[in-house]
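Peer 1: Coordinates in protein.pdb, PDB, N, CA and C atoms, pLDDT in the B column, are listed below.
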ATOM      1  N   MET H 739      14.383  34.021  43.385  1.00 68.00           N
ATOM      2  CA  MET H 739      15.160  33.024  42.674  1.00 68.00           C
ATOM      3  C   MET H 739      16.638  33.378  42.780  1.00 68.00           C
ATOM      4  N   PHE H 740      17.395  32.404  43.177  1.00 74.00           N
ATOM      5  CA  PHE H 740      18.833  32.578  43.323  1.00 74.00           C
ATOM      6  C   PHE H 740      19.520  31.529  42.458  1.00 74.00           C
ATOM      7  N   LEU H 741      20.348  31.971  41.525  1.00 82.00           N
ATOM      8  CA  LEU H 741      21.042  31.109  40.577  1.00 82.00           C
ATOM      9  C   LEU H 741      20.072  30.268  39.745  1.00 82.00           C
ATOM     10  N   GLY H 742      18.904  30.803  39.488  1.00 85.00           N
ATOM     11  CA  GLY H 742      17.932  30.131  38.652  1.00 85.00           C
ATOM     12  C   GLY H 742      17.073  29.108  39.359  1.00 85.00           C
ATOM     13  N   PHE H 743      17.251  28.930  40.669  1.00 88.00           N
ATOM     14  CA  PHE H 743      16.464  27.958  41.420  1.00 88.00           C
ATOM     15  C   PHE H 743      15.492  28.684  42.347  1.00 88.00           C
ATOM     16  N   ASN H 744      14.288  28.148  42.463  1.00 93.00           N
ATOM     17  CA  ASN H 744      13.338  28.734  43.403  1.00 93.00           C
ATOM     18  C   ASN H 744      13.577  28.158  44.801  1.00 93.00           C
ATOM     19  N   LEU H 745      12.761  28.588  45.749  1.00 93.00           N
ATOM     20  CA  LEU H 745      12.950  28.189  47.148  1.00 93.00           C
ATOM     21  C   LEU H 745      12.804  26.685  47.330  1.00 93.00           C
ATOM     22  N   HIS H 746      11.826  26.068  46.659  1.00 94.00           N
ATOM     23  CA  HIS H 746      11.632  24.620  46.809  1.00 94.00           C
ATOM     24  C   HIS H 746      12.841  23.844  46.303  1.00 94.00           C
ATOM     25  N   ALA H 747      13.470  24.320  45.255  1.00 95.00           N
ATOM     26  CA  ALA H 747      14.670  23.649  44.743  1.00 95.00           C
ATOM     27  C   ALA H 747      15.808  23.726  45.758  1.00 95.00           C
ATOM     28  N   TRP H 748      15.974  24.886  46.381  1.00 95.00           N
ATOM     29  CA  TRP H 748      17.041  25.033  47.381  1.00 95.00           C
ATOM     30  C   TRP H 748      16.767  24.193  48.615  1.00 95.00           C
ATOM     31  N   ILE H 749      15.507  24.092  49.027  1.00 96.00           N
ATOM     32  CA  ILE H 749      15.154  23.239  50.169  1.00 96.00           C
ATOM     33  C   ILE H 749      15.478  21.786  49.833  1.00 96.00           C
ATOM     34  N   THR H 750      15.164  21.368  48.615  1.00 96.00           N
ATOM     35  CA  THR H 750      15.443  19.998  48.190  1.00 96.00           C
ATOM     36  C   THR H 750      16.943  19.734  48.153  1.00 96.00           C
ATOM     37  N   ILE H 751      17.710  20.656  47.613  1.00 96.00           N
ATOM     38  CA  ILE H 751      19.174  20.493  47.547  1.00 96.00           C
ATOM     39  C   ILE H 751      19.760  20.395  48.950  1.00 96.00           C
ATOM     40  N   ALA H 752      19.332  21.278  49.834  1.00 97.00           N
ATOM     41  CA  ALA H 752      19.837  21.255  51.215  1.00 97.00           C
ATOM     42  C   ALA H 752      19.444  19.962  51.925  1.00 97.00           C
ATOM     43  N   THR H 753      18.235  19.497  51.689  1.00 97.00           N
ATOM     44  CA  THR H 753      17.768  18.264  52.331  1.00 97.00           C
ATOM     45  C   THR H 753      18.566  17.066  51.839  1.00 97.00           C
ATOM     46  N   VAL H 754      18.808  16.987  50.546  1.00 97.00           N
ATOM     47  CA  VAL H 754      19.572  15.856  49.990  1.00 97.00           C
ATOM     48  C   VAL H 754      21.018  15.885  50.487  1.00 97.00           C
ATOM     49  N   LEU H 755      21.635  17.047  50.510  1.00 97.00           N
ATOM     50  CA  LEU H 755      23.012  17.142  51.016  1.00 97.00           C
ATOM     51  C   LEU H 755      23.084  16.770  52.493  1.00 97.00           C
ATOM     52  N   THR H 756      22.110  17.214  53.266  1.00 97.00           N
ATOM     53  CA  THR H 756      22.058  16.856  54.684  1.00 97.00           C
ATOM     54  C   THR H 756      21.831  15.362  54.853  1.00 97.00           C
ATOM     55  N   LEU H 757      20.937  14.807  54.034  1.00 97.00           N
ATOM     56  CA  LEU H 757      20.653  13.377  54.083  1.00 97.00           C
ATOM     57  C   LEU H 757      21.920  12.563  53.844  1.00 97.00           C
ATOM     58  N   PHE H 758      22.664  12.891  52.792  1.00 97.00           N
ATOM     59  CA  PHE H 758      23.898  12.170  52.505  1.00 97.00           C
ATOM     60  C   PHE H 758      24.928  12.342  53.617  1.00 97.00           C
ATOM     61  N   SER H 759      25.022  13.531  54.171  1.00 97.00           N
ATOM     62  CA  SER H 759      25.972  13.765  55.261  1.00 97.00           C
ATOM     63  C   SER H 759      25.619  12.937  56.490  1.00 97.00           C
ATOM     64  N   VAL H 760      24.347  12.900  56.822  1.00 97.00           N
ATOM     65  CA  VAL H 760      23.912  12.117  57.984  1.00 97.00           C
ATOM     66  C   VAL H 760      24.170  10.636  57.741  1.00 97.00           C
ATOM     67  N   LEU H 761      23.895  10.157  56.538  1.00 96.00           N
ATOM     68  CA  LEU H 761      24.145   8.746  56.238  1.00 96.00           C
ATOM     69  C   LEU H 761      25.636   8.406  56.292  1.00 96.00           C
ATOM     70  N   LEU H 762      26.496   9.332  55.858  1.00 97.00           N
ATOM     71  CA  LEU H 762      27.928   9.068  55.833  1.00 97.00           C
ATOM     72  C   LEU H 762      28.589   9.147  57.206  1.00 97.00           C
ATOM     73  N   PHE H 763      28.157  10.110  58.010  1.00 97.00           N
ATOM     74  CA  PHE H 763      28.909  10.413  59.225  1.00 97.00           C
ATOM     75  C   PHE H 763      28.230   9.996  60.523  1.00 97.00           C
ATOM     76  N   THR H 764      27.088   9.349  60.459  1.00 95.00           N
ATOM     77  CA  THR H 764      26.439   8.878  61.673  1.00 95.00           C
ATOM     78  C   THR H 764      26.079   7.412  61.517  1.00 95.00           C
ATOM     79  N   LYS H 765      25.643   6.824  62.588  1.00 95.00           N
ATOM     80  CA  LYS H 765      25.216   5.434  62.551  1.00 95.00           C
ATOM     81  C   LYS H 765      23.701   5.328  62.707  1.00 95.00           C
ATOM     82  N   LEU H 766      23.003   6.385  62.328  1.00 95.00           N
ATOM     83  CA  LEU H 766      21.549   6.352  62.378  1.00 95.00           C
ATOM     84  C   LEU H 766      21.027   5.389  61.322  1.00 95.00           C
ATOM     85  N   ARG H 767      19.892   4.779  61.625  1.00 95.00           N
ATOM     86  CA  ARG H 767      19.286   3.851  60.670  1.00 95.00           C
ATOM     87  C   ARG H 767      18.869   4.614  59.416  1.00 95.00           C
ATOM     88  N   SER H 768      19.168   4.031  58.275  1.00 94.00           N
ATOM     89  CA  SER H 768      18.912   4.717  57.007  1.00 94.00           C
ATOM     90  C   SER H 768      17.421   4.952  56.769  1.00 94.00           C
ATOM     91  N   ASP H 769      16.564   4.029  57.211  1.00 92.00           N
ATOM     92  CA  ASP H 769      15.132   4.234  57.002  1.00 92.00           C
ATOM     93  C   ASP H 769      14.629   5.450  57.767  1.00 92.00           C
ATOM     94  N   LEU H 770      15.164   5.677  58.954  1.00 95.00           N
ATOM     95  CA  LEU H 770      14.760   6.856  59.727  1.00 95.00           C
ATOM     96  C   LEU H 770      15.274   8.146  59.100  1.00 95.00           C
ATOM     97  N   VAL H 771      16.465   8.085  58.529  1.00 96.00           N
ATOM     98  CA  VAL H 771      17.031   9.272  57.876  1.00 96.00           C
ATOM     99  C   VAL H 771      16.194   9.641  56.654  1.00 96.00           C
ATOM    100  N   PHE H 772      15.828   8.641  55.852  1.00 94.00           N
ATOM    101  CA  PHE H 772      15.013   8.915  54.668  1.00 94.00           C
ATOM    102  C   PHE H 772      13.608   9.393  55.052  1.00 94.00           C
ATOM    103  N   LEU H 773      13.023   8.810  56.096  1.00 94.00           N
ATOM    104  CA  LEU H 773      11.717   9.287  56.567  1.00 94.00           C
ATOM    105  C   LEU H 773      11.807  10.733  57.053  1.00 94.00           C
ATOM    106  N   GLY H 774      12.904  11.059  57.716  1.00 95.00           N
ATOM    107  CA  GLY H 774      13.106  12.435  58.154  1.00 95.00           C
ATOM    108  C   GLY H 774      13.205  13.398  56.984  1.00 95.00           C
ATOM    109  N   ALA H 775      13.899  12.981  55.936  1.00 95.00           N
ATOM    110  CA  ALA H 775      14.019  13.832  54.745  1.00 95.00           C
ATOM    111  C   ALA H 775      12.666  14.026  54.078  1.00 95.00           C
ATOM    112  N   ILE H 776      11.887  12.953  53.981  1.00 95.00           N
ATOM    113  CA  ILE H 776      10.543  13.073  53.404  1.00 95.00           C
ATOM    114  C   ILE H 776       9.682  13.991  54.269  1.00 95.00           C
ATOM    115  N   ALA H 777       9.808  13.865  55.582  1.00 95.00           N
ATOM    116  CA  ALA H 777       9.029  14.718  56.479  1.00 95.00           C
ATOM    117  C   ALA H 777       9.393  16.188  56.302  1.00 95.00           C
ATOM    118  N   ILE H 778      10.679  16.474  56.155  1.00 96.00           N
ATOM    119  CA  ILE H 778      11.110  17.859  55.954  1.00 96.00           C
ATOM    120  C   ILE H 778      10.539  18.412  54.653  1.00 96.00           C
ATOM    121  N   LEU H 779      10.617  17.614  53.583  1.00 95.00           N
ATOM    122  CA  LEU H 779      10.090  18.069  52.295  1.00 95.00           C
ATOM    123  C   LEU H 779       8.572  18.233  52.345  1.00 95.00           C
ATOM    124  N   PHE H 780       7.889  17.400  53.115  1.00 95.00           N
ATOM    125  CA  PHE H 780       6.437  17.505  53.254  1.00 95.00           C
ATOM    126  C   PHE H 780       6.047  18.740  54.071  1.00 95.00           C
ATOM    127  N   VAL H 781       6.711  18.954  55.182  1.00 96.00           N
ATOM    128  CA  VAL H 781       6.379  20.081  56.063  1.00 96.00           C
ATOM    129  C   VAL H 781       6.676  21.422  55.389  1.00 96.00           C
ATOM    130  N   THR H 782       7.730  21.470  54.587  1.00 96.00           N
ATOM    131  CA  THR H 782       8.077  22.727  53.919  1.00 96.00           C
ATOM    132  C   THR H 782       7.257  22.974  52.658  1.00 96.00           C
ATOM    133  N   GLY H 783       6.449  21.997  52.257  1.00 95.00           N
ATOM    134  CA  GLY H 783       5.569  22.189  51.110  1.00 95.00           C
ATOM    135  C   GLY H 783       6.170  21.806  49.774  1.00 95.00           C
ATOM    136  N   VAL H 784       7.351  21.215  49.781  1.00 95.00           N
ATOM    137  CA  VAL H 784       7.966  20.770  48.537  1.00 95.00           C
ATOM    138  C   VAL H 784       7.180  19.580  47.975  1.00 95.00           C
ATOM    139  N   LEU H 785       6.781  18.670  48.860  1.00 92.00           N
ATOM    140  CA  LEU H 785       5.963  17.518  48.474  1.00 92.00           C
ATOM    141  C   LEU H 785       4.566  17.677  49.042  1.00 92.00           C
ATOM    142  N   ASP H 786       3.557  17.267  48.271  1.00 91.00           N
ATOM    143  CA  ASP H 786       2.213  17.222  48.845  1.00 91.00           C
ATOM    144  C   ASP H 786       2.010  15.837  49.455  1.00 91.00           C
ATOM    145  N   ALA H 787       0.868  15.623  50.093  1.00 88.00           N
ATOM    146  CA  ALA H 787       0.622  14.376  50.819  1.00 88.00           C
ATOM    147  C   ALA H 787       0.662  13.169  49.889  1.00 88.00           C
ATOM    148  N   LYS H 788       0.091  13.294  48.713  1.00 87.00           N
ATOM    149  CA  LYS H 788       0.068  12.163  47.783  1.00 87.00           C
ATOM    150  C   LYS H 788       1.477  11.774  47.361  1.00 87.00           C
ATOM    151  N   GLU H 789       2.329  12.750  47.078  1.00 86.00           N
ATOM    152  CA  GLU H 789       3.706  12.472  46.676  1.00 86.00           C
ATOM    153  C   GLU H 789       4.519  11.905  47.839  1.00 86.00           C
ATOM    154  N   ALA H 790       4.311  12.465  49.027  1.00 85.00           N
ATOM    155  CA  ALA H 790       5.103  12.054  50.180  1.00 85.00           C
ATOM    156  C   ALA H 790       4.809  10.619  50.594  1.00 85.00           C
ATOM    157  N   PHE H 791       3.564  10.192  50.471  1.00 85.00           N
ATOM    158  CA  PHE H 791       3.192   8.865  50.956  1.00 85.00           C
ATOM    159  C   PHE H 791       2.976   7.850  49.843  1.00 85.00           C
ATOM    160  N   SER H 792       3.235   8.203  48.607  1.00 83.00           N
ATOM    161  CA  SER H 792       2.975   7.283  47.498  1.00 83.00           C
ATOM    162  C   SER H 792       3.892   6.061  47.526  1.00 83.00           C
ATOM    163  N   GLY H 793       5.074   6.183  48.049  1.00 76.00           N
ATOM    164  CA  GLY H 793       5.994   5.051  48.086  1.00 76.00           C
ATOM    165  C   GLY H 793       5.686   4.027  49.147  1.00 76.00           C
ATOM    166  N   PHE H 794       4.737   4.305  50.022  1.00 76.00           N
ATOM    167  CA  PHE H 794       4.412   3.387  51.106  1.00 76.00           C
ATOM    168  C   PHE H 794       3.305   2.407  50.742  1.00 76.00           C
ATOM    169  N   SER H 795       2.765   2.507  49.543  1.00 70.00           N
ATOM    170  CA  SER H 795       1.705   1.612  49.113  1.00 70.00           C
ATOM    171  C   SER H 795       2.291   0.255  48.757  1.00 70.00           C
ATOM    172  N   SER H 796       1.607  -0.809  49.153  1.00 66.00           N
ATOM    173  CA  SER H 796       2.073  -2.148  48.827  1.00 66.00           C
ATOM    174  C   SER H 796       1.400  -2.685  47.570  1.00 66.00           C
ATOM    175  N   CYS H 797       0.487  -1.927  47.010  1.00 61.00           N
ATOM    176  CA  CYS H 797      -0.278  -2.389  45.852  1.00 61.00           C
ATOM    177  C   CYS H 797       0.096  -1.529  44.641  1.00 61.00           C
ATOM    178  N   HIS H 798       1.138  -1.937  43.926  1.00 57.00           N
ATOM    179  CA  HIS H 798       1.578  -1.170  42.765  1.00 57.00           C
ATOM    180  C   HIS H 798       0.600  -1.284  41.611  1.00 57.00           C
ATOM    181  N   SER H 799      -0.053  -2.432  41.478  1.00 56.00           N
ATOM    182  CA  SER H 799      -1.015  -2.582  40.402  1.00 56.00           C
ATOM    183  C   SER H 799      -2.266  -1.739  40.651  1.00 56.00           C
ATOM    184  N   CYS H 800      -2.553  -1.431  41.915  1.00 58.00           N
ATOM    185  CA  CYS H 800      -3.704  -0.585  42.233  1.00 58.00           C
ATOM    186  C   CYS H 800      -3.518   0.810  41.658  1.00 58.00           C
ATOM    187  N   GLN H 801      -2.294   1.332  41.738  1.00 53.00           N
ATOM    188  CA  GLN H 801      -2.038   2.670  41.222  1.00 53.00           C
ATOM    189  C   GLN H 801      -2.142   2.698  39.705  1.00 53.00           C
ATOM    190  N   LYS H 802      -1.725   1.627  39.042  1.00 57.00           N
ATOM    191  CA  LYS H 802      -1.797   1.576  37.582  1.00 57.00           C
ATOM    192  C   LYS H 802      -3.234   1.482  37.100  1.00 57.00           C
ATOM    193  N   ASN H 803      -4.086   0.804  37.876  1.00 55.00           N
ATOM    194  CA  ASN H 803      -5.472   0.623  37.483  1.00 55.00           C
ATOM    195  C   ASN H 803      -6.376   1.742  37.953  1.00 55.00           C
ATOM    196  N   GLY H 804      -5.841   2.711  38.637  1.00 54.00           N
ATOM    197  CA  GLY H 804      -6.624   3.838  39.099  1.00 54.00           C
ATOM    198  C   GLY H 804      -7.362   3.587  40.393  1.00 54.00           C
ATOM    199  N   VAL H 805      -7.104   2.470  41.057  1.00 54.00           N
ATOM    200  CA  VAL H 805      -7.746   2.154  42.330  1.00 54.00           C
ATOM    201  C   VAL H 805      -6.909   2.750  43.436  1.00 54.00           C
ATOM    202  N   GLU H 806      -7.529   3.474  44.332  1.00 54.00           N
ATOM    203  CA  GLU H 806      -6.792   4.100  45.436  1.00 54.00           C
ATOM    204  C   GLU H 806      -6.667   3.161  46.603  1.00 54.00           C
TER     205      GLU H 806
END
Translate this structure into structure tokens?

Peer 2:
Amino acid sequence: MFLGFNLHAWITIATVLTLFSVLLFTKLRSDLVFLGAIAILFVTGVLDAKEAFSGFSSCHSCQKNGVE
């Protein structure tokens, strides 16, 4: 732990700062940049599969009703 943050917190901070920098200083499509950030957080173990892919569901009422 460095400055009270564990490794996953530092990976998240670095990913968010990199994400904002890429969005500000490049002309890459924003959807690809955000997918890349999610992929980095998933590969490093910060997010599990359910968390990483939960935003891609088109059925919001399914999640509320417990239907997968």

Peer 1: Per residue of stretch 753-795 of chain H within 6 Å of stretch 745-749 of chain H, record the nearest atom pair and its distance in Å to one decimal, counting only N, CA and C atoms, with rows in chain order and ascending residue number, as JSON lines.

Peer 2:
{"residue": "H:Thr753", "atom": "N", "partner": "H:Ile749", "partner_atom": "C", "distance": 4.0}
{"residue": "H:Val754", "atom": "N", "partner": "H:Ile749", "partner_atom": "C", "distance": 5.9}
{"residue": "H:Val784", "atom": "CA", "partner": "H:His746", "partner_atom": "CA", "distance": 5.6}

Peer 1: Atom CA of H:Thr750 to atom CA of H:Ile776: how many Å, to one decimal?

Peer 2: 10.0 Å

Peer 1: Using only C-alpha atoms, which residue out of H:Ala752, H:Leu762, H:Lys788, H:Phe743 lies closest to H:Ala775?

Peer 2: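 Of all the options, H:Ala752 lies closest to H:Ala775.
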
Peer 1: Enter the distance from atom CA of H:Leu761 to atom C of H:Gly774, in Å, rounded to one decimal.

Peer 2: 11.9 Å
